[in-house]
Structure formats: structure tokens, C-alpha cells
$ cat structure_12.cif   # mmCIF, C-alpha atoms
data_input
#
loop_
_atom_site.label_atom_id
_atom_site.label_comp_id
_atom_site.auth_asym_id
_atom_site.auth_seq_id
_atom_site.Cartn_x
_atom_site.Cartn_y
_atom_site.Cartn_z
CA MET R 1359 10.49 -49.59 90.61
CA ALA R 1360 7.63 -50.97 88.54
CA ALA R 1361 6.10 -47.53 88.45
CA ARG R 1362 9.23 -46.09 86.89
CA LEU R 1363 9.29 -48.79 84.19
CA THR R 1364 5.68 -48.24 83.21
CA ARG R 1365 6.28 -44.51 83.36
CA LEU R 1366 9.07 -44.83 80.80
CA ARG R 1367 6.90 -46.99 78.56
CA VAL R 1368 4.05 -44.51 78.73
CA ILE R 1369 6.31 -41.55 78.00
CA GLY R 1370 7.83 -43.44 75.03
CA LEU R 1371 4.35 -44.20 73.71
CA TYR R 1372 3.33 -40.56 74.13
CA LYS R 1373 6.36 -39.33 72.20
CA ASP R 1374 5.73 -41.81 69.37
CA LEU R 1375 2.07 -40.81 69.10
CA GLN R 1376 2.95 -37.14 69.19
CA ARG R 1377 5.37 -37.54 66.30
CA LEU R 1378 2.76 -39.48 64.32
CA GLY R 1379 0.14 -36.86 65.08
CA ARG R 1380 2.16 -34.16 63.36
CA ASP R 1381 1.56 -35.81 59.99
CA TYR R 1382 -2.18 -36.30 60.37
CA PRO R 1383 -3.85 -35.45 57.04
CA ASP R 1384 -6.84 -33.56 58.41
CA PRO R 1385 -5.59 -30.35 60.05
CA SER R 1386 -8.89 -29.67 61.81
CA TYR R 1387 -8.71 -32.98 63.71
CA ASP R 1388 -6.64 -32.09 66.74
CA TYR R 1389 -4.80 -35.44 67.00
CA ASN R 1390 -2.22 -34.39 69.55
CA GLY R 1391 -4.72 -32.49 71.68
CA ARG R 1392 -7.10 -35.44 71.83
CA MET R 1393 -4.26 -37.83 72.50
CA ARG R 1394 -3.02 -35.72 75.37
CA ARG R 1395 -6.50 -35.50 76.90
CA LEU R 1396 -6.82 -39.30 76.68
CA PHE R 1397 -3.50 -39.70 78.46
CA GLU R 1398 -4.49 -37.19 81.13
CA LYS R 1399 -7.80 -38.97 81.71
CA ASN R 1400 -5.83 -42.07 82.70
CA ARG R 1401 -3.23 -40.44 84.90
CA HIS R 1402 -4.75 -41.81 88.09
CA LEU R 1403 -4.43 -45.51 87.16
CA LYS R 1404 -2.72 -47.56 89.86
CA THR R 1405 -2.93 -51.30 89.13
CA GLU R 1406 -0.51 -52.89 86.69
CA ASP R 1407 -3.35 -54.55 84.76
CA GLU R 1408 -5.17 -51.29 84.15
CA ILE R 1409 -1.97 -49.56 83.09
CA ASN R 1410 -1.02 -52.38 80.72
CA GLN R 1411 -4.47 -52.31 79.19
CA ALA R 1412 -4.25 -48.59 78.62
CA ILE R 1413 -0.79 -48.99 77.06
CA ARG R 1414 -2.13 -51.73 74.78
CA LEU R 1415 -4.87 -49.39 73.62
CA GLY R 1416 -2.27 -46.72 72.93
CA GLU R 1417 -0.16 -49.14 70.90
CA PHE R 1418 -3.26 -50.18 68.96
CA ILE R 1419 -4.00 -46.56 68.09
CA LYS R 1420 -0.38 -46.15 67.01
CA GLN R 1421 -0.60 -49.15 64.67
CA GLU R 1422 -3.91 -47.96 63.27
CA THR R 1423 -2.54 -44.47 62.58
CA LEU R 1424 0.51 -45.95 60.87
CA ALA R 1425 -1.75 -48.16 58.74
CA LEU R 1426 -3.81 -45.10 57.83
CA TYR R 1427 -0.73 -43.20 56.67
CA THR R 1428 0.75 -46.09 54.67
CA LEU R 1429 -2.55 -46.92 52.98
CA ARG R 1430 -3.21 -43.31 52.13
CA LYS R 1431 0.19 -42.90 50.54
CA TYR R 1432 -0.01 -46.22 48.68
CA ARG R 1433 -3.48 -45.49 47.33
CA HIS R 1434 -2.39 -42.05 46.17
CA LEU R 1435 0.66 -43.45 44.41
CA LYS R 1436 -1.35 -46.28 42.88
CA ARG R 1437 -3.87 -43.76 41.51
CA MET R 1438 -1.16 -41.54 40.08
CA TYR R 1439 1.27 -44.11 38.79
CA SER R 1440 -0.68 -47.20 37.85
CA ASP R 1441 -1.37 -47.81 34.22
CA PRO R 1442 -5.05 -47.71 33.27
CA PRO R 1443 -6.56 -51.20 32.85
CA THR R 1444 -6.02 -52.44 29.31
CA PRO R 1445 -9.30 -52.61 27.32
CA PRO R 1446 -10.44 -56.10 26.32
CA PRO R 1447 -9.26 -57.08 22.86
CA GLN R 1448 -11.81 -56.12 20.18
CA ALA R 1449 -12.63 -58.03 17.03
CA GLN R 1450 -10.45 -56.25 14.50
CA GLN R 1451 -11.31 -55.79 10.85
CA HIS R 1452 -8.54 -57.24 8.69
CA PRO R 1453 -6.97 -54.34 6.76
CA ASN R 1454 -7.13 -56.22 3.44
CA THR R 1455 -10.89 -56.89 3.49
CA MET P 342 33.82 -72.01 60.77
CA ARG P 343 31.19 -69.91 59.09
CA PRO P 344 31.86 -69.81 55.33
CA THR P 345 32.63 -66.29 54.16
CA SER P 346 30.85 -64.82 51.13
CA ALA P 347 32.70 -64.61 47.86
CA ARG P 348 32.27 -60.87 47.96
CA PHE P 349 30.72 -58.40 50.28
CA LEU P 350 28.07 -56.22 48.68
CA ASN P 351 28.22 -52.46 48.92
CA VAL P 352 24.84 -50.94 48.21
CA LEU P 353 24.23 -47.33 47.26
CA VAL P 354 20.76 -45.79 47.42
CA PRO P 355 20.37 -42.32 45.92
CA VAL P 356 17.35 -40.51 47.34
CA LYS P 357 15.65 -37.26 46.49
CA ARG P 358 13.95 -34.64 48.60
CA CYS P 359 10.74 -33.74 46.75
CA VAL P 360 7.55 -31.88 47.41
CA ASP P 361 5.43 -34.12 49.65
CA TYR P 362 2.91 -36.29 47.82
CA ALA P 363 -0.07 -34.87 49.73
CA VAL P 364 0.66 -31.23 48.94
CA LYS P 365 -1.54 -29.44 46.43
CA ILE P 366 0.83 -28.09 43.79
CA ARG P 367 0.39 -24.46 42.88
CA VAL P 368 1.98 -22.91 39.82
CA ASN P 369 3.80 -19.61 40.36
CA PRO P 370 2.35 -16.46 38.73
CA ASP P 371 5.33 -16.31 36.35
CA GLN P 372 4.41 -19.82 35.07
CA LYS P 373 8.02 -20.93 35.23
CA GLY P 374 7.92 -22.83 38.48
CA ILE P 375 5.81 -24.16 41.33
CA ASP P 376 5.43 -22.96 44.89
CA LEU P 377 8.29 -24.63 46.76
CA ASN P 378 7.49 -23.14 50.17
CA VAL P 379 5.63 -26.30 51.11
CA LYS P 380 6.26 -29.56 52.93
CA HIS P 381 9.00 -31.70 51.42
CA SER P 382 9.77 -35.33 52.08
CA MET P 383 11.63 -38.26 50.55
CA ASN P 384 10.42 -39.39 47.16
CA PRO P 385 8.12 -42.37 47.84
CA PHE P 386 9.88 -44.51 45.23
CA ASP P 387 13.18 -43.78 46.96
CA GLU P 388 11.65 -44.87 50.27
CA ILE P 389 10.86 -48.16 48.55
CA ALA P 390 14.49 -48.31 47.37
CA VAL P 391 15.86 -47.76 50.89
CA GLU P 392 13.45 -50.37 52.22
CA GLU P 393 14.62 -52.86 49.59
CA ALA P 394 18.26 -52.31 50.54
CA VAL P 395 17.46 -52.84 54.22
CA ARG P 396 15.43 -55.97 53.43
CA LEU P 397 18.32 -57.26 51.33
CA ARG P 398 20.56 -56.97 54.34
CA GLU P 399 17.99 -58.70 56.54
CA LYS P 400 17.94 -61.55 54.04
CA LEU P 401 21.63 -61.82 53.16
CA LYS P 402 22.88 -60.73 56.60
CA ASP P 403 26.65 -60.19 56.59
CA ALA P 404 26.93 -60.40 52.82
CA VAL P 405 25.73 -56.80 52.64
CA LYS P 406 28.69 -54.86 53.91
CA SER P 407 27.34 -51.34 53.74
CA ILE P 408 24.25 -49.42 52.71
CA LYS P 409 25.04 -45.84 51.80
CA VAL P 410 22.43 -43.26 50.94
CA LEU P 411 23.21 -40.29 48.76
CA THR P 412 21.32 -37.11 48.01
CA VAL P 413 21.90 -34.03 45.90
CA GLY P 414 20.29 -30.86 47.11
CA PRO P 415 20.20 -27.82 49.37
CA PRO P 416 21.25 -28.03 53.03
CA LYS P 417 17.72 -29.08 54.04
CA ALA P 418 18.14 -32.30 52.05
CA ALA P 419 20.18 -33.61 54.97
CA GLU P 420 16.83 -34.29 56.71
CA THR P 421 15.97 -36.74 53.94
CA LEU P 422 19.29 -38.47 54.53
CA ARG P 423 18.53 -38.73 58.24
CA THR P 424 15.17 -40.36 57.45
CA ALA P 425 16.93 -42.91 55.25
CA LEU P 426 19.53 -43.52 57.96
CA ALA P 427 16.69 -44.04 60.44
CA MET P 428 15.21 -46.67 58.12
CA GLY P 429 18.41 -48.68 58.31
CA ALA P 430 21.16 -47.23 56.12
CA ASP P 431 24.67 -47.01 57.56
CA SER P 432 26.02 -43.70 56.33
CA GLY P 433 25.10 -40.83 54.07
CA ILE P 434 26.62 -38.70 51.35
CA HIS P 435 25.23 -35.21 50.87
CA ILE P 436 26.19 -33.37 47.69
CA GLU P 437 25.28 -29.85 48.62
CA LEU P 438 23.87 -27.33 46.22
CA PRO P 439 23.30 -23.71 47.18
CA GLU P 440 19.79 -22.83 48.38
CA THR P 441 19.07 -20.67 45.32
CA ALA P 442 20.46 -23.04 42.70
CA PRO P 443 18.04 -24.23 40.02
CA ALA P 444 16.79 -27.80 40.35
CA PRO P 445 19.43 -30.16 38.96
CA GLU P 446 18.66 -32.20 35.88
CA PRO P 447 18.69 -36.01 35.69
CA LEU P 448 21.90 -36.04 33.63
CA SER P 449 23.73 -33.89 36.19
CA ILE P 450 22.49 -36.15 38.98
CA ALA P 451 23.62 -39.26 37.11
CA LYS P 452 27.06 -37.70 36.59
CA LEU P 453 27.28 -36.77 40.27
CA ILE P 454 26.31 -40.27 41.38
CA LYS P 455 28.87 -41.76 38.99
CA ALA P 456 31.57 -39.45 40.35
CA SER P 457 30.63 -40.39 43.93
CA ILE P 458 30.82 -44.08 43.10
CA GLU P 459 34.26 -43.60 41.59
CA LYS P 460 35.37 -41.63 44.64
CA GLN P 461 34.39 -44.43 47.04
CA SER P 462 37.27 -46.41 48.51
CA GLU P 463 35.36 -49.67 47.97
CA PRO P 464 33.57 -50.66 44.76
CA VAL P 465 29.79 -50.32 44.74
CA ASP P 466 27.97 -53.46 43.57
CA LEU P 467 24.35 -52.42 43.59
CA VAL P 468 22.60 -49.10 43.11
CA ILE P 469 18.91 -49.13 44.02
CA MET P 470 16.89 -46.00 43.33
CA GLY P 471 13.33 -44.92 42.68
CA LYS P 472 12.05 -45.21 39.13
CA GLN P 473 11.00 -41.55 39.05
CA ALA P 474 10.63 -38.57 41.32
CA ILE P 475 7.09 -37.47 42.03
CA ASP P 476 7.85 -33.81 41.45
CA ASP P 477 9.34 -33.92 37.96
CA ASP P 478 8.37 -37.47 36.87
CA ALA P 479 11.47 -37.59 34.67
CA GLY P 480 12.27 -41.28 35.20
CA GLN P 481 15.66 -40.86 33.55
CA THR P 482 18.32 -40.82 36.21
CA GLY P 483 18.60 -44.57 36.75
CA GLN P 484 18.92 -45.38 33.08
CA MET P 485 21.38 -42.54 32.48
CA LEU P 486 23.49 -43.69 35.41
CA ALA P 487 23.66 -47.24 34.11
CA GLY P 488 24.64 -45.93 30.70
CA LEU P 489 27.38 -43.65 32.05
CA LEU P 490 28.82 -46.41 34.23
CA GLY P 491 28.41 -49.15 31.63
CA TRP P 492 26.58 -51.31 34.19
CA SER P 493 23.60 -53.59 33.70
CA GLN P 494 20.24 -52.08 34.57
CA ALA P 495 16.91 -53.50 35.68
CA THR P 496 14.25 -50.82 35.79
CA PHE P 497 10.70 -50.87 37.19
CA ALA P 498 11.64 -53.75 39.45
CA SER P 499 8.83 -55.43 41.33
CA LYS P 500 11.03 -58.19 42.77
CA VAL P 501 14.78 -58.37 43.34
CA GLU P 502 16.73 -61.49 44.30
CA VAL P 503 20.48 -61.17 44.71
CA ASP P 504 22.77 -64.18 44.39
CA GLU P 505 25.89 -62.62 45.83
CA ALA P 506 27.99 -65.77 45.59
CA ASN P 507 27.67 -65.78 41.79
CA LYS P 508 27.48 -61.97 41.50
CA LEU P 509 24.07 -62.19 39.84
CA ALA P 510 20.66 -60.76 40.44
CA HIS P 511 17.27 -62.01 39.27
CA VAL P 512 14.91 -59.11 38.81
CA THR P 513 11.25 -59.18 37.88
CA ARG P 514 10.33 -56.06 35.96
CA GLU P 515 6.93 -54.51 35.42
CA ILE P 516 6.43 -53.80 31.77
CA ASP P 517 3.42 -52.95 29.62
CA GLY P 518 1.38 -56.09 29.39
CA GLY P 519 2.93 -58.05 32.23
CA LEU P 520 6.14 -59.02 33.96
CA GLU P 521 9.61 -59.70 32.62
CA GLU P 522 12.29 -61.67 34.45
CA VAL P 523 15.88 -60.70 33.81
CA LYS P 524 19.12 -62.16 35.08
CA CYS P 525 21.70 -59.41 35.56
CA LYS P 526 25.38 -59.48 36.34
CA LEU P 527 26.56 -57.27 39.17
CA PRO P 528 27.34 -54.36 39.33
CA LEU P 529 23.77 -53.37 38.64
CA VAL P 530 21.45 -50.37 38.71
CA VAL P 531 17.91 -51.20 39.86
CA THR P 532 15.03 -48.73 39.78
CA THR P 533 12.09 -49.55 42.01
CA ASP P 534 8.45 -49.72 41.12
CA LEU P 535 5.52 -49.31 43.47
CA ARG P 536 4.86 -52.98 44.12
CA LEU P 537 8.38 -53.89 45.20
CA ASN P 538 7.75 -53.53 48.93
CA GLU P 539 6.11 -51.39 51.62
CA PRO P 540 8.55 -49.02 53.31
CA ARG P 541 8.83 -49.23 57.07
CA TYR P 542 8.11 -46.33 59.35
CA ALA P 543 11.23 -45.11 61.12
CA SER P 544 10.55 -45.48 64.84
CA LEU P 545 11.78 -42.94 67.39
CA PRO P 546 14.68 -45.08 68.73
CA ASN P 547 15.94 -45.55 65.16
CA ILE P 548 15.71 -41.82 64.53
CA MET P 549 17.79 -41.20 67.64
CA LYS P 550 20.37 -43.74 66.47
CA ALA P 551 20.45 -42.17 63.03
CA LYS P 552 21.64 -38.86 64.45
CA LYS P 553 24.98 -40.48 65.22
CA LYS P 554 25.50 -42.01 61.76
CA PRO P 555 28.07 -40.18 59.60
CA ILE P 556 27.20 -38.00 56.63
CA GLU P 557 29.92 -36.93 54.20
CA LYS P 558 29.46 -33.59 52.50
CA PHE P 559 30.63 -32.76 49.03
CA LYS P 560 30.16 -29.98 46.51
CA PRO P 561 29.66 -30.67 42.80
CA SER P 562 32.99 -28.96 42.12
CA ASP P 563 34.72 -31.49 44.46
CA LEU P 564 33.49 -34.22 42.16
CA GLY P 565 34.32 -32.34 39.00
CA VAL P 566 30.77 -32.19 37.68
CA ASP P 567 29.12 -29.17 36.11
CA VAL P 568 25.48 -28.97 37.18
CA THR P 569 24.39 -26.06 34.99
CA PRO P 570 21.04 -26.96 33.45
CA ILE P 571 21.01 -27.55 29.71
CA LEU P 572 17.22 -27.50 29.48
CA GLU P 573 15.15 -24.37 29.80
CA THR P 574 11.64 -24.52 31.22
CA ILE P 575 9.47 -22.42 28.98
CA LYS P 576 6.12 -22.73 30.68
CA ILE P 577 4.42 -24.61 33.48
CA SER P 578 0.64 -24.68 33.57
CA GLU P 579 -1.99 -26.61 35.48
CA PRO P 580 -3.85 -29.43 33.78
CA GLN P 581 -7.21 -28.47 32.33
CA LYS P 582 -10.07 -28.58 34.76
CA ARG P 583 -12.32 -31.57 34.33
CA VAL P 584 -15.58 -30.67 32.62
CA GLY P 585 -18.50 -31.90 34.69
CA GLY P 586 -20.47 -34.89 33.48
CA THR P 587 -24.20 -34.79 32.77
CA LYS P 588 -26.86 -37.18 33.97
CA VAL P 589 -29.09 -38.79 31.35
CA GLY P 590 -32.78 -39.59 31.91
CA SER P 591 -33.22 -42.78 29.92
CA VAL P 592 -31.40 -45.37 27.84
CA ASP P 593 -32.64 -43.74 24.60
CA GLU P 594 -31.12 -40.44 25.69
CA LEU P 595 -27.82 -42.19 26.43
CA VAL P 596 -27.79 -43.85 23.00
CA ALA P 597 -28.62 -40.53 21.32
CA LYS P 598 -25.77 -38.79 23.14
CA LEU P 599 -23.33 -41.57 22.27
CA LYS P 600 -24.31 -41.36 18.61
CA ALA P 601 -23.87 -37.59 18.71
CA ALA P 602 -20.37 -38.10 20.11
CA GLY P 603 -19.55 -40.35 17.16
CA ILE P 604 -19.53 -43.72 18.92
CA THR P 605 -21.25 -46.35 16.84
CA ALA P 606 -22.35 -49.88 17.69
CA VAL P 607 -19.65 -52.55 17.42
#
$ encode --input "structure_12.cif" --output "C-alpha cells"
Amino acid sequence: MAARLTRLRVIGLYKDLQRLGRDYPDPSYDYNGRMRRLFEKNRHLKTEDEINQAIRLGEFIKQETLALYTLRKYRHLKRMYSDPPTPPPQAQQHPNT
Amino acid sequence: MRPTSARFLNVLVPVKRCVDYAVKIRVNPDQKGIDLNVKHSMNPFDEIAVEEAVRLREKLKDAVKSIKVLTVGPPKAAETLRTALAMGADSGIHIELPETAPAPEPLSIAKLIKASIEKQSEPVDLVIMGKQAIDDDAGQTGQMLAGLLGWSQATFASKVEVDEANKLAHVTREIDGGLEEVKCKLPLVVTTDLRLNEPRYASLPNIMKAKKKPIEKFKPSDLGVDVTPILETIKISEPQKRVGGTKVGSVDELVAKLKAAGITAV
């Protein structure tokens, strides 16, 4: 019973990470391959504590990847669409002098 | 008895399917267009608009009756609608253009949005859209739409507060040199600026739920709008390559180079 619940959680986490991995900016970094190997390395885990710890690590990686994507997009947009900083006001010569 | 709101708000969020922000744009050999066989996604400013509509509902709860998203484009634009639905919109409107049609112009889009609003069975109170699309950077559609409808407009919004009981909205706008606060009567067109919010990521369960949400399909002829372009693109070219900088050896060399470039001491 408990095994089925954790199994569903793990499969859900795997699907989420796989979908995130499709958008990874560096094509030579095999995100999904590495992620799968990490999952397979842990397939033998039996105790609830160990499994929960592994799931927590997976969730952490998911949050970090999401943060990476959002930051990257925000920084790009900020670079493209922010106005350049206004120069400090200079002492102007009065036109009549 | 829970007090009912004076009016329920109907929110419309037009979104656009553009070339993805991370794609390197390449100009076609004929210099009249860019390579469109690349990854497309929702315009980032429109993502911010959808997020704002969803946050508005989270804040005002039942006062927001519906959030509809609308897009104009080829059949593939339905994916963009699904993303918006996954972020929290209720239903979608897809105005379909043929695959080979030329890109529609801001005025045609504004006319199509106006016609859709008029076709809705319930009046729309708030239109939230991105300030500009990252592929054409026109930044005109919101303003044109407000003009055609005769509604108030608050562009480049970095903060939106809706007072639905009094049918007002307080919007903080980003303008050159600072911020401007405006009080607008509803119905209102808002265009979003970068600092309004951070769009959420649509999680897998929400994407699954979005598949069941309804999308209405229209053609421009159903709405009585002619989308033939009135502008002709003469030439598209890449920006000039940056000329590399040079390193100077000493302060005197720097001063000499600055003088040569015509910059004198203040």
C-alpha cells in the first residue's frame, strides 16, 4: 500500500522533471539522461525514510531548474527591454551666455 | 449571508504565439522575413498578463467571474492557448488564420479583439495584454484596442489594483523618469510591463486539467474583420556587428584616444 503511494509520487516527479528537461538551454547537457540514471541508481531503496529523502532531493532539483529557467528569461528580457540608466545631470551652459 | 459584489468582472487576456526568446533570429536570404521554422512560445509579456489575471482572481476571489484568453494565429497557436489555460484561465478563443497567411498587423488584431469582445454574451470589464510582442516589438495593439473601443487605457503597468465595487482600477505605470499612478474607470485596457509580476510555471496536473477547458474557434470573416496587411515590409536586415574594442596601455594613451574621438574635458 505504502509502496504504491510512493511509487506514484516518484513517477509524478519523474514526469515533471522530464518535461522540465526538454527546455534545458544547453543541448549538450543530457538532462533527461542524467535524471533517469539518478532515478535508476535509487531503484533498490526500501525504507520510507530513504525514499522520502530521495524524493526531497528530486523536488529540490525541480525547484532549482525552474528557478534557472525563470531567472534566465527574466534577465534576458531585462537586458532587451530595460531602458539604459539615465546619465547624471550635467552642468548646462545657459544658452544666453 | 455573504455580500455579493456589485458586478462580476469578466477578464480577457489576448496572447500571442511568438518566436521563443532564446532562439537566435536568422534573416531569410530574400531579406523580407525571418526563419520561422524555430521554437515558438507565448510572448513573455503576455505570460505576465495571464499571471496578473490569475493573481487578480486569487485576490478578489468570486468577483472575477471569468478569465478568457484569446489568440489570433495559425492552428498551432492553440498550444499557446493551452499553456494559458494551464496557468489558470477558464476558456479560450482561437481566431484561426491559415498557415500561409502573412503575419497580422496590430490594427487587424485590435479590430479582431474588439469584434470578439462585442460578440461575447457578457460584457468584458478588463483586458490585460502584454505591452509588446518580442518578435515585432510593435507595442501598438493595446493602445489601438483602447482607442477603437473608447475605453480607458493604462499602459506599461507595473502594478494593478482593481476596486471592483466602485468599478475603478489604480494602476502604476512605468514611464521615462519614474512611475505614474493613474485611476481608471472600468472597462479598461491594461498593457503589462516586465516588473508587474513573475509568471508561474504550469505544473503537469494543471496542464492535464487544461486539456478539458473549452476553446472556441472563429475565423476573421466570422467577425467581419479584414486582416489584409496595409503595410509592406521592404527589407529586414541584421543589426551591425559590434566592432571590437581596443585595450589601451596607459592613462595618457586613453586621454589621447578620447581627444581624438572629440571628447573634451568638462
$ residues_around --input "structure_12.cif" --residues "Thr1428 (chain R)" --least-positions-apart "6" --cutoff "10 Å" --atoms "only C-alpha atoms" --output "ChimeraX atom specification"
/R:1422,1434 /P:539-542
$ closest_residue --input "structure_12.cif" --among "R:Asp1384, R:Glu1417, R:Asp1374, R:Glu1406" --to "chain P" --atoms "all atoms listed in the file"
R:Asp1374
$ residues_around --input "structure_12.cif" --residues "region 373-382 of chain P" --least-positions-apart "2" --cutoff "7 Å" --atoms "all atoms listed in the file" --output "compact mmCIF listing (two decimals) with C-alpha atoms, in the coordinates of the input"
# COMPACT_ATOMS: atom_id res chain seq x y z
CA ARG P 358 13.95 -34.64 48.60
CA CYS P 359 10.74 -33.74 46.75
CA VAL P 360 7.55 -31.88 47.41
CA ASP P 361 5.43 -34.12 49.65
CA ILE P 366 0.83 -28.09 43.79
CA ARG P 367 0.39 -24.46 42.88
CA VAL P 368 1.98 -22.91 39.82
CA ASN P 369 3.80 -19.61 40.36
CA ASP P 371 5.33 -16.31 36.35
CA ASN P 384 10.42 -39.39 47.16
CA THR P 421 15.97 -36.74 53.94
CA THR P 574 11.64 -24.52 31.22
CA ILE P 575 9.47 -22.42 28.98
CA LYS P 576 6.12 -22.73 30.68
CA ILE P 577 4.42 -24.61 33.48
$ resolve_selection --input "structure_12.cif" --expression "the PyMOL selection byres ((chain P and resi 388) around 9)" --output "PyMOL selection string"
chain P and resi 356+383-387+389-393+425+428+470-471+539-541
$ interface_residues --input "structure_12.cif" --of "chain P" --to "chain R" --cutoff "12 Å" --atoms "all atoms listed in the file" --output "VMD selection string"
chain P and resid 361 to 364 380 382 384 to 386 388 to 389 472 to 476 478 480 497 515 to 519 534 to 548 607
$ decode --input "structure_12.cif" --residues "region 532-555 of chain P" --atoms "N, CA and C atoms" --output "PDB file, in the first residue's frame"
ATOM      1  N   THR P 532      -1.822  47.269 -20.397  1.00  0.00           N
ATOM      2  CA  THR P 532      -0.729  46.509 -21.009  1.00  0.00           C
ATOM      3  C   THR P 532       0.374  46.351 -19.966  1.00  0.00           C
ATOM      4  N   THR P 533       0.953  45.162 -19.929  1.00  0.00           N
ATOM      5  CA  THR P 533       1.831  44.804 -18.817  1.00  0.00           C
ATOM      6  C   THR P 533       3.279  45.088 -19.146  1.00  0.00           C
ATOM      7  N   ASP P 534       3.991  45.548 -18.106  1.00  0.00           N
ATOM      8  CA  ASP P 534       5.427  45.730 -18.241  1.00  0.00           C
ATOM      9  C   ASP P 534       6.123  44.611 -17.475  1.00  0.00           C
ATOM     10  N   LEU P 535       7.446  44.565 -17.629  1.00  0.00           N
ATOM     11  CA  LEU P 535       8.207  43.434 -17.114  1.00  0.00           C
ATOM     12  C   LEU P 535       8.075  43.251 -15.617  1.00  0.00           C
ATOM     13  N   ARG P 536       8.014  44.372 -14.886  1.00  0.00           N
ATOM     14  CA  ARG P 536       8.085  44.258 -13.423  1.00  0.00           C
ATOM     15  C   ARG P 536       6.734  44.047 -12.753  1.00  0.00           C
ATOM     16  N   LEU P 537       5.710  43.726 -13.523  1.00  0.00           N
ATOM     17  CA  LEU P 537       4.392  43.573 -12.916  1.00  0.00           C
ATOM     18  C   LEU P 537       4.349  42.341 -12.022  1.00  0.00           C
ATOM     19  N   ASN P 538       4.818  41.214 -12.527  1.00  0.00           N
ATOM     20  CA  ASN P 538       4.822  40.003 -11.697  1.00  0.00           C
ATOM     21  C   ASN P 538       5.764  38.975 -12.323  1.00  0.00           C
ATOM     22  N   GLU P 539       5.877  37.816 -11.681  1.00  0.00           N
ATOM     23  CA  GLU P 539       6.653  36.713 -12.270  1.00  0.00           C
ATOM     24  C   GLU P 539       5.695  35.594 -12.604  1.00  0.00           C
ATOM     25  N   PRO P 540       5.599  35.224 -13.886  1.00  0.00           N
ATOM     26  CA  PRO P 540       4.614  34.213 -14.265  1.00  0.00           C
ATOM     27  C   PRO P 540       4.912  32.859 -13.633  1.00  0.00           C
ATOM     28  N   ARG P 541       3.852  32.143 -13.284  1.00  0.00           N
ATOM     29  CA  ARG P 541       4.032  30.824 -12.711  1.00  0.00           C
ATOM     30  C   ARG P 541       4.328  29.809 -13.797  1.00  0.00           C
ATOM     31  N   TYR P 542       4.899  28.704 -13.383  1.00  0.00           N
ATOM     32  CA  TYR P 542       5.143  27.611 -14.310  1.00  0.00           C
ATOM     33  C   TYR P 542       3.941  26.677 -14.235  1.00  0.00           C
ATOM     34  N   ALA P 543       3.387  26.336 -15.376  1.00  0.00           N
ATOM     35  CA  ALA P 543       2.208  25.466 -15.379  1.00  0.00           C
ATOM     36  C   ALA P 543       2.633  24.045 -15.052  1.00  0.00           C
ATOM     37  N   SER P 544       2.137  23.530 -13.907  1.00  0.00           N
ATOM     38  CA  SER P 544       2.548  22.185 -13.499  1.00  0.00           C
ATOM     39  C   SER P 544       1.777  21.145 -14.301  1.00  0.00           C
ATOM     40  N   LEU P 545       2.245  19.918 -14.261  1.00  0.00           N
ATOM     41  CA  LEU P 545       1.656  18.842 -15.070  1.00  0.00           C
ATOM     42  C   LEU P 545       0.172  18.613 -14.761  1.00  0.00           C
ATOM     43  N   PRO P 546      -0.248  18.580 -13.489  1.00  0.00           N
ATOM     44  CA  PRO P 546      -1.686  18.396 -13.234  1.00  0.00           C
ATOM     45  C   PRO P 546      -2.526  19.505 -13.866  1.00  0.00           C
ATOM     46  N   ASN P 547      -2.015  20.753 -13.822  1.00  0.00           N
ATOM     47  CA  ASN P 547      -2.764  21.857 -14.432  1.00  0.00           C
ATOM     48  C   ASN P 547      -2.823  21.717 -15.938  1.00  0.00           C
ATOM     49  N   ILE P 548      -1.755  21.197 -16.532  1.00  0.00           N
ATOM     50  CA  ILE P 548      -1.767  21.005 -17.979  1.00  0.00           C
ATOM     51  C   ILE P 548      -2.804  19.954 -18.351  1.00  0.00           C
ATOM     52  N   MET P 549      -2.897  18.919 -17.517  1.00  0.00           N
ATOM     53  CA  MET P 549      -3.894  17.877 -17.793  1.00  0.00           C
ATOM     54  C   MET P 549      -5.303  18.464 -17.697  1.00  0.00           C
ATOM     55  N   LYS P 550      -5.506  19.290 -16.647  1.00  0.00           N
ATOM     56  CA  LYS P 550      -6.839  19.900 -16.479  1.00  0.00           C
ATOM     57  C   LYS P 550      -7.156  20.825 -17.640  1.00  0.00           C
ATOM     58  N   ALA P 551      -6.134  21.495 -18.155  1.00  0.00           N
ATOM     59  CA  ALA P 551      -6.362  22.469 -19.222  1.00  0.00           C
ATOM     60  C   ALA P 551      -6.865  21.808 -20.490  1.00  0.00           C
ATOM     61  N   LYS P 552      -6.551  20.543 -20.672  1.00  0.00           N
ATOM     62  CA  LYS P 552      -6.983  19.867 -21.910  1.00  0.00           C
ATOM     63  C   LYS P 552      -8.497  19.807 -21.991  1.00  0.00           C
ATOM     64  N   LYS P 553      -9.167  19.872 -20.826  1.00  0.00           N
ATOM     65  CA  LYS P 553     -10.618  19.748 -20.848  1.00  0.00           C
ATOM     66  C   LYS P 553     -11.308  21.107 -20.979  1.00  0.00           C
ATOM     67  N   LYS P 554     -10.542  22.199 -20.851  1.00  0.00           N
ATOM     68  CA  LYS P 554     -11.191  23.518 -20.889  1.00  0.00           C
ATOM     69  C   LYS P 554     -11.573  23.853 -22.331  1.00  0.00           C
ATOM     70  N   PRO P 555     -12.700  24.565 -22.521  1.00  0.00           N
ATOM     71  CA  PRO P 555     -13.196  24.778 -23.894  1.00  0.00           C
ATOM     72  C   PRO P 555     -12.440  25.872 -24.639  1.00  0.00           C
TER      73      PRO P 555
END
